[in-house]
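Read the structure below first, then the notes.
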Amino acid sequence: MQPFFSIVIPTLNEEKFLPKLLKDLEKQKRSNFEIIVVDSMSEDDTRKVAEKFPSLPLSFIENERKNVSYQRNYGANKARGAYLIFLDADSRISSGFTKKLENIINKKKGLFFVPAMKTDNPNTEPQFIVDIVNLAFQISQNIGRPFVLGAGIIIEKKYFFTIGGFDEKLSFGEDYDLAIRSFNWGVRAKFLNEIKFTYSLRRIRREGKLKAYYTFFLSTLQYIFNGKTEKKLFNYDMGGHLYDKKQVKIKEKNLLDSFDSKNILQKIRRIFSELFIEE
């Protein structure tokens, strides 16, 4: 029987995080999906932990190229489902996620959907930030600069390939780029407040709130004012191995050095120029 969903998960050294998501998928109330894990030759036990879920309709594909857009596109090319769900290995979902999502899609008849985010932290501050991002997702669909997160995208497979999939040349913002190309095709992503997925705050814990928020702020401004770019503004490496240590000190050059600033960004440069000076 052909699955309704193909869940594509790019991985690199995710032995600690992937099992949690696979356990969530194992508990789904409706088995209307297949799982495609596209792994960039992990050096840990990512494959072994994936193989511990024989009850799941899971395909584990290894590929040497370490590029999240390439991995998502590769998984999509192998998919048999009518709709693609892109999740990150550190995402979490409730037991009713796929059942409720299929019901909503059949009812709303759309091509592109974005579920609401919640955090893996019960504190009010992180959830407040995520609530703002959820609101921004909704507003952005109406101002000609829509954006979404690649960690939580549901899109009809044929339509995904029609608009060209993820741009593998982009250093960041490949999810934003997909959303704006869809917008230009006349299809706005429908925000699903009734469907939620848990967004991991592991990067924020690793880098610290200020730096993580700033990086997100910078990349968003770059997208809004200058559109997509192939320039690498900052390091945004993937891989679960990056989160093994409690604190990892990262040396970064001034993040604004390669940013094509406009007048409106000059104040931002002055405010943040002292924040990330190398010791």
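All residue names refer to the structure tokens as shown: chains lettered A, B, ... in order, residues numbered from 1 in each chain, ligands numbered from 1 in order.
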
Find the residues of region 110-187 of chain A that sit at most 7 Å from region 51-69 of chain A; for each, write down the nearest two atoms and how far apart they are in Å, to one decimal. Count only C-alpha atoms. Sort by chain, then by number going up, and give it as a Markdown table.
```
| residue | atom | partner | partner_atom | distance |
| --- | --- | --- | --- | --- |
| A:Phe166 | CA | A:Ser69 | CA | 5.5 |
| A:Asp167 | CA | A:Ser69 | CA | 6.6 |
| A:Glu168 | CA | A:Ser69 | CA | 5.2 |
```

Keeping only N, CA and C atoms, write the selected residues to a file as an mmCIF file, in the first residue's frame.
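Saved to result.cif:
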```cif
data_model
loop_
_atom_site.group_PDB
_atom_site.id
_atom_site.type_symbol
_atom_site.label_atom_id
_atom_site.label_comp_id
_atom_site.auth_asym_id
_atom_site.auth_seq_id
_atom_site.Cartn_x
_atom_site.Cartn_y
_atom_site.Cartn_z
ATOM 1 N N PHE A 166 14.828 22.011 -2.843
ATOM 2 C CA PHE A 166 15.725 22.907 -2.115
ATOM 3 C C PHE A 166 16.921 23.272 -2.986
ATOM 4 N N ASP A 167 17.344 24.534 -2.917
ATOM 5 C CA ASP A 167 18.509 25.000 -3.659
ATOM 6 C C ASP A 167 19.769 24.560 -2.910
ATOM 7 N N GLU A 168 20.511 23.636 -3.474
ATOM 8 C CA GLU A 168 21.674 23.057 -2.804
ATOM 9 C C GLU A 168 22.882 23.976 -2.797
#
```

Contact table region 31-132 of chain A vs region 188-193 of chain A, cut-off 7 Å, shortest pair per residue, only C-alpha atoms, as a tab-separated table:
```
residue	atom	partner	partner_atom	distance
A:Phe112	CA	A:Ala189	CA	4.8
A:Phe113	CA	A:Lys190	CA	4.7
A:Val114	CA	A:Phe191	CA	4.9
A:Pro115	CA	A:Leu192	CA	4.7
A:Ala116	CA	A:Asn193	CA	5.1
```

Based on the selection just made, write N, CA and C atoms of those residues as a PDB file, in the first residue's frame.
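out-v4.pdb written:
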```pdb
ATOM      1  N   PHE A 112       1.094  23.020   0.431  1.00  0.00           N
ATOM      2  CA  PHE A 112       2.236  23.411   1.253  1.00  0.00           C
ATOM      3  C   PHE A 112       1.718  23.773   2.642  1.00  0.00           C
ATOM      4  N   PHE A 113       2.263  23.119   3.668  1.00  0.00           N
ATOM      5  CA  PHE A 113       1.796  23.343   5.030  1.00  0.00           C
ATOM      6  C   PHE A 113       2.984  23.529   5.974  1.00  0.00           C
ATOM      7  N   VAL A 114       2.748  24.321   7.004  1.00  0.00           N
ATOM      8  CA  VAL A 114       3.765  24.553   8.024  1.00  0.00           C
ATOM      9  C   VAL A 114       3.140  24.328   9.397  1.00  0.00           C
ATOM     10  N   PRO A 115       3.589  23.342  10.155  1.00  0.00           N
ATOM     11  CA  PRO A 115       3.051  23.127  11.494  1.00  0.00           C
ATOM     12  C   PRO A 115       3.619  24.150  12.479  1.00  0.00           C
ATOM     13  N   ALA A 116       2.901  24.412  13.538  1.00  0.00           N
ATOM     14  CA  ALA A 116       3.372  25.316  14.581  1.00  0.00           C
ATOM     15  C   ALA A 116       4.517  24.666  15.342  1.00  0.00           C
TER      16      ALA A 116
END
```

Near region 82-89 of chain A, within 10 Å and counting only C-alpha atoms, which residues show up once chain neighbours fewer than 5 positions away are dropped, as a ChimeraX atom specification? /A:2-22,33-37,68,72,75-76,98,102,105,111-114,149-160,197,199-200,239-240

With C-alpha atoms retained, could you export that selection as a PDB file, in the first residue's frame?
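This is the output file result.pdb:
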```pdb
ATOM      1  CA  GLN A   2       1.349   3.399  -0.967  1.00  0.00           C
ATOM      2  CA  PRO A   3       2.004   5.639   2.059  1.00  0.00           C
ATOM      3  CA  PHE A   4       0.338   9.018   2.333  1.00  0.00           C
ATOM      4  CA  PHE A   5       3.488  10.606   3.787  1.00  0.00           C
ATOM      5  CA  SER A   6       7.199  10.175   3.175  1.00  0.00           C
ATOM      6  CA  ILE A   7       9.112  11.468   6.179  1.00  0.00           C
ATOM      7  CA  VAL A   8      12.602  12.591   5.143  1.00  0.00           C
ATOM      8  CA  ILE A   9      15.221  12.955   7.879  1.00  0.00           C
ATOM      9  CA  PRO A  10      18.775  14.133   7.056  1.00  0.00           C
ATOM     10  CA  THR A  11      21.351  12.891   9.563  1.00  0.00           C
ATOM     11  CA  LEU A  12      24.986  13.162  10.517  1.00  0.00           C
ATOM     12  CA  ASN A  13      26.149  11.557  13.773  1.00  0.00           C
ATOM     13  CA  GLU A  14      22.685  11.564  15.339  1.00  0.00           C
ATOM     14  CA  GLU A  15      22.879   8.389  17.455  1.00  0.00           C
ATOM     15  CA  LYS A  16      21.668  10.268  20.559  1.00  0.00           C
ATOM     16  CA  PHE A  17      18.807  12.218  19.001  1.00  0.00           C
ATOM     17  CA  LEU A  18      17.422  10.097  16.165  1.00  0.00           C
ATOM     18  CA  PRO A  19      16.074   7.289  18.421  1.00  0.00           C
ATOM     19  CA  LYS A  20      13.796   9.735  20.228  1.00  0.00           C
ATOM     20  CA  LEU A  21      12.160  10.794  16.968  1.00  0.00           C
ATOM     21  CA  LEU A  22      11.905   7.183  15.777  1.00  0.00           C
ATOM     22  CA  PHE A  33       3.930   6.898   6.260  1.00  0.00           C
ATOM     23  CA  GLU A  34       7.350   5.670   5.274  1.00  0.00           C
ATOM     24  CA  ILE A  35      10.607   6.983   6.730  1.00  0.00           C
ATOM     25  CA  ILE A  36      13.662   7.858   4.668  1.00  0.00           C
ATOM     26  CA  VAL A  37      16.823   8.622   6.634  1.00  0.00           C
ATOM     27  CA  VAL A  68      21.192  19.249   4.258  1.00  0.00           C
ATOM     28  CA  ARG A  72      16.412  16.361   1.673  1.00  0.00           C
ATOM     29  CA  GLY A  75      15.280  11.578   0.140  1.00  0.00           C
ATOM     30  CA  ALA A  76      12.421  13.205  -1.750  1.00  0.00           C
ATOM     31  CA  THR A  98       0.408  11.893  11.148  1.00  0.00           C
ATOM     32  CA  GLU A 102      -3.673  13.614   7.011  1.00  0.00           C
ATOM     33  CA  ILE A 105      -4.759  17.973   4.485  1.00  0.00           C
ATOM     34  CA  LEU A 111      -0.014  21.853  -1.392  1.00  0.00           C
ATOM     35  CA  PHE A 112       2.236  23.411   1.253  1.00  0.00           C
ATOM     36  CA  PHE A 113       1.796  23.343   5.030  1.00  0.00           C
ATOM     37  CA  VAL A 114       3.765  24.553   8.024  1.00  0.00           C
ATOM     38  CA  LEU A 149      11.809  26.315   8.800  1.00  0.00           C
ATOM     39  CA  GLY A 150      13.239  23.332   6.951  1.00  0.00           C
ATOM     40  CA  ALA A 151      12.855  21.317  10.144  1.00  0.00           C
ATOM     41  CA  GLY A 152       9.070  21.350   9.782  1.00  0.00           C
ATOM     42  CA  ILE A 153       7.773  21.432   6.211  1.00  0.00           C
ATOM     43  CA  ILE A 154       4.906  19.427   4.701  1.00  0.00           C
ATOM     44  CA  ILE A 155       4.620  19.707   0.934  1.00  0.00           C
ATOM     45  CA  GLU A 156       2.942  17.762  -1.861  1.00  0.00           C
ATOM     46  CA  LYS A 157       5.649  15.740  -3.598  1.00  0.00           C
ATOM     47  CA  LYS A 158       4.878  16.580  -7.225  1.00  0.00           C
ATOM     48  CA  TYR A 159       4.605  20.252  -6.357  1.00  0.00           C
ATOM     49  CA  PHE A 160       7.931  20.114  -4.497  1.00  0.00           C
ATOM     50  CA  PHE A 197       6.158  19.693  16.371  1.00  0.00           C
ATOM     51  CA  TYR A 199      11.789  22.215  17.856  1.00  0.00           C
ATOM     52  CA  SER A 200      15.056  21.404  19.617  1.00  0.00           C
ATOM     53  CA  GLY A 239      25.730  16.964  13.020  1.00  0.00           C
ATOM     54  CA  GLY A 240      24.750  15.542  16.380  1.00  0.00           C
TER      55      GLY A 240
END
```

By how many Å are CA of Thr46 (chain A) and CA of Asp175 (chain A) apart?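 A separation of 24.8 Å between them.
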
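Coordinates place CA of Glu174 (chain A) at a distance of 29.7 Å from CA of Lys48 (chain A).
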
Distance criterion (only C-alpha atoms): nearest to Ile104 (chain A) out of A:Arg145, A:Val187, A:Ile195, A:Leu135: A:Ile195

Work out how far CA of Lys23 (chain A) is from CA of Glu43 (chain A), in Å to one decimal.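 So the two atoms, CA of Glu43 (chain A) and CA of Lys23 (chain A), lie 22.0 Å apart.
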
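Nearest to Arg80 (chain A) of all the residues A:Gly165, A:Glu194, A:Val130, A:Asn32 is A:Asn32, counting only C-alpha atoms.
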
Which polymer residues have any atom within 12 Å of an atom of Gly186 (chain A), counting only C-alpha atoms, with same-chain residues fewer than 5 positions away left out, as number ranges by chain? A: 110-112, 141-142, 144, 146, 159, 163, 179-181

Give me a file of those residues, with C-alpha atoms, as a short mmCIF file (atom, residue, chain, number, x, y, z; two decimals), in the first residue's frame.
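What landed in again_2.cif:
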```cif
data_model
loop_
_atom_site.label_atom_id
_atom_site.label_comp_id
_atom_site.auth_asym_id
_atom_site.auth_seq_id
_atom_site.Cartn_x
_atom_site.Cartn_y
_atom_site.Cartn_z
CA GLY A 110 -3.48 22.38 0.05
CA LEU A 111 -0.01 21.85 -1.39
CA PHE A 112 2.24 23.41 1.25
CA GLN A 141 2.90 34.71 3.96
CA ASN A 142 1.03 37.96 3.28
CA GLY A 144 5.72 38.78 -0.21
CA PRO A 146 7.37 34.23 3.29
CA TYR A 159 4.61 20.25 -6.36
CA ILE A 163 9.15 24.38 -7.95
CA ALA A 179 8.82 29.35 0.52
CA ILE A 180 9.33 32.41 -1.68
CA ARG A 181 9.49 30.34 -4.86
#
```
